[in-house]
Amino acid sequence: MTNTLQFKISASLKNIIGKDLITDDNIAIFELVKNAYDAYAKNVTIAFENDRITIKDDGKGMDYDDIVNKWLFVAYSAKKEGTEDADILTEKKYKDYRDKINEKKFYAGAKGIGRFSCDRLGRTLTMYTRKVNEPTVEKLVVNWEEFEEDSKKEFVNIQVTHEALDPSSFPDFHHGTILQIEGLHSDWDRLKLLDLKRSLEKLINPIGNITSKKAKTEFKVFIEAEHELKEDEEKDLREKVNGEVKNFIFEILNVKTTQIISKVAGEFIYTELIDRGTPIYKLKEKNPYPALKNGSFNFHLFFLNRKANFNFTRLMGIRAVNFGSIFLFKNGFRIYPYGNPEDDSFNIDRDKAQQGSRALGKREIIGRIDLIGEDSIFNSRFRETSSRSEGLVQTDGVKQLITAFIEKCFKRLEKYVLTIPKGFNDKLIKEEESQRENTSGLQNIESKERIIDLVYKLITNKNETIELLEYNKTFLNIVDEKLEAASPEAFSKLSAIAEKTNDKSFFKELAKVKERHIKLIQEKESAERRAALEEEKRLRAEKEREEARQREEEEKQKRREAELRAISEKQQRKEAELRKREAELQAKEARLRAETAEENLEIERSKNTYLLATSRGISKDAQGLVHSIKLSAKTIDANVETIIAKAKGNGISKDELLRKLSIIKFNVDKAIKMASLVTRANFKTQAEKQTVNLSYYIQQYISLLQEAYDGKLEFKVKKNGNQEFLIKASILELSIIIDDLVSNAIKASATQILIGLDRPSKQKFELTFSDNGKGISENMLKNPEQLFELGVTTTTGSGIGLYNVRNSLETMKAEITFIGNDNLLKGAAFKITFKK
């Protein structure tokens, strides 16, 4: 006896999705703040008093149905279902409220368990909520400890108290939600409150307002702790507990240090490097990361030199190393633990430990990664762990994200900040450079040459195709420097950069400067020679005769060297000419050998082709073509018989004769083509594949068959849905498949054939083929897969047709199945499924 059973859910489930899952008080509050944001709240107040935390928002609120069907429905998320705001955005009674808000593209939470964060914070929860334009305030009381009394109790049998209240008791509460959490599990002293405030500063996207640009107000969070007001009076703004939580803005470092910005936008990645307010370069390259082509991904990274570190501490009231390093935000909200001081999810400190001064560590950088996306593919690739404190699930998308950040952003910043100061050999000069807030220290030929070399290597990297969109010509220009100190390589690299960016004017200017550089070098060498001559004259005054003799000897030596060079050059020219002639002879001999070998190879091919074409054996693939040739021959024979019969009788009209001859010609051409394929050793490759609109081709081919059978066999085509479905296939193979199925139907005494064409999805197309013939035997119905075995037949046929049909379909990534007798036209029926 078979019966059904159901899971029983223990009341202990509350702990698993509550305080055991959310193990950090700050993260618990973050989850509740994110719920307020998702409810269109503009203001959230977190109040601390005695043994109570109150979280109040002015969002859309909930009515009784929302509480029953959403809030109390564990693990259900209307946000994930896409129905969270269906009533707010459509129903007439919410029009005034709808005009004040903007439809959300993204939700901060979508797992359906964030409400259980209340369990982490305290023993009881009292919730007051009022939906927009609703006449009552709904009250719900939950005692979390009741779920812990007996683990054998079922979760659904633990009662929570509900009450509908008159809104007159809440005069300023028009819509929103109030959460009162009592019996707190933690002691919220001043240090813990300040830690919460600083964590909340980093919760929301640091760009600032996370609402849309059309929104009328931004999302604000306030902390209230009346017992801390007195001490707040003696503190500066950042050390106050009470007040609005202000977002930390990375852009305060904009003109103070070196930064790099990388944006992944569909098929391309754009990267811009800026050094203390001076743009260095802007790049465009192809996006090699498939998982990062759906959504938006932005990287913004700052290098913290000594001056930037000092400014950060002064502005933020905390050292950068204690603040955090690389923060990650998804749709405007921070993902933990990325950015925490102890977190090294990107292995930056690990590599620093291995490479030392050749690498940057977390204490030397600060920045963020922004992920923005809304569809299911994006959310499946970049989803948070349920615990909310262990980051993103390590999918292929996350791995590609980390690789893109390291390769396209971090390493390029690292390369720049570690390469440019290398020329400062003096420690004092290096120290001065680390204190600068501008690039004046780099306005010298040595620094510029290193920057030129860095940009040149980027755009000439053979492993990457990088387009240089912009570069700072003023900064890279060496025109105004001491040209004699510049190296020839610098001019070559600058010319390559100008050519890459198609900067013709700069290219011409460089050519002129290069000429000046050569002249300056020549003048310098000339001056040095003149000085040497003057020195020689001074020496010559003492030893004139000896110097004269030496000069004469030197001239003789020069002449001898010149003669030797001339002889050597002449000899080298002769040797080069001999090598050239020898190479030409070798090439000629190689061509002759190749021509002889090719001639012999062609003769051998002809022999092999003949031997293979005349071989007695025939492959299983060839059997299918031979079978189709027989079908074409039968069609030709039937039409010839019709012409003869009518010619002997009442005669045949010119139009009918031409139509019959056209059908004969069609089948003759097909048989000839298939016969030519059979006689070749590589006939399979001759059935050339091409892009085919499957439905359109089948309909065309059926219309030809309709004419071929001249009313003896009725064809009907039934279409359903969008018929556009392109595949790579051989038209010949498709024709053979249809011919084989039609031939089987005729052998089964069919007079009607129904072709069904359906595209149930973008990736699938279905063809059903049924006839009104006698079907297959009862014995064969027990195992219809036998129909597709070689030699098995239910008619007088050879048993090749359906075997070849299945083999041909498998090469097209398609499959055929028998779907029974008494189906559609009450005869045999088959379904062919094509997939992409």
# chains A, B, ... in the order shown; residues from 1 in each chain; ligands from 1
call {"tool": "residues_around", "arguments": {"residues": "region 547-552 of chain A", "least_positions_apart": "6", "cutoff": "9 Å", "atoms": "only C-alpha atoms", "output": "list in words"}}
result
Glu536, Leu539 and Arg540 of chain A
call {"tool": "closest_residue", "arguments": {"among": "A:Glu554, A:Glu641, A:Glu134, A:Glu733", "to": "Ser808 (chain A)", "atoms": "only C-alpha atoms"}}
result
A:Glu733
call {"tool": "select_by_dssp", "arguments": {"residues": "region 159-230 of chain A", "states": "helix (DSSP H, G or I)", "output": "list in words"}}
result
Pro167, Ser168, Ser169, Arg190, Leu191, Lys192, Leu193, Leu194, Asp195, Leu196, Lys197, Arg198, Ser199, Leu200, Glu201, Glu226, His227, Glu228, Leu229 and Lys230 of chain A
call {"tool": "select_by_dssp", "arguments": {"residues": "region 180-370 of chain A", "states": "strand (DSSP E or B)", "output": "PyMOL selection string"}}
result
chain A and resi 180-184+204+220-224+243-244+258-265+268-275+278-286+296-303+326-330+333-334+365-370
call {"tool": "closest_residue", "arguments": {"among": "A:Ala583, A:Ile178, A:Ala498, A:Leu661", "to": "Glu467 (chain A)", "atoms": "only C-alpha atoms"}}
result
A:Ala498
call {"tool": "atom_distance", "arguments": {"atom1": "CA of Glu563 (chain A)", "atom2": "CA of Ile518 (chain A)"}}
result
29.5 Å
call {"tool": "residues_around", "arguments": {"residues": "Ile738 (chain A)", "least_positions_apart": "6", "cutoff": "9 Å", "atoms": "only C-alpha atoms", "output": "ChimeraX atom specification"}}
result
/A:698,701-702,805
call {"tool": "closest_residue", "arguments": {"among": "A:Ser703, A:Thr460, A:Ser357, A:Asn331", "to": "Lys716 (chain A)", "atoms": "only C-alpha atoms"}}
result
A:Ser703
call {"tool": "residues_around", "arguments": {"residues": "Tyr471 (chain A)", "least_positions_apart": "5", "cutoff": "9 Å", "atoms": "only C-alpha atoms", "output": "VMD selection string"}}
result
chain A and resid 279 to 283 455 476 497 501
call {"tool": "write_last_selection", "arguments": {"atoms": "C-alpha atoms", "output": "PDB file, in the first residue's frame"}}
result
ATOM      1  CA  PRO A 279      45.136  62.219 -15.995  1.00  0.00           C
ATOM      2  CA  ILE A 280      47.837  59.821 -17.246  1.00  0.00           C
ATOM      3  CA  TYR A 281      45.969  57.519 -19.644  1.00  0.00           C
ATOM      4  CA  LYS A 282      42.574  56.110 -20.573  1.00  0.00           C
ATOM      5  CA  LEU A 283      42.285  52.622 -22.120  1.00  0.00           C
ATOM      6  CA  VAL A 455      52.159  53.331 -21.493  1.00  0.00           C
ATOM      7  CA  LEU A 476      54.357  62.811 -21.410  1.00  0.00           C
ATOM      8  CA  ILE A 497      51.879  56.087 -28.809  1.00  0.00           C
ATOM      9  CA  THR A 501      45.990  57.195 -31.085  1.00  0.00           C
TER      10      THR A 501
END
call {"tool": "closest_residue", "arguments": {"among": "A:Leu454, A:Ile366, A:Ile629, A:Ile672", "to": "Arg319 (chain A)", "atoms": "only C-alpha atoms"}}
result
A:Ile366
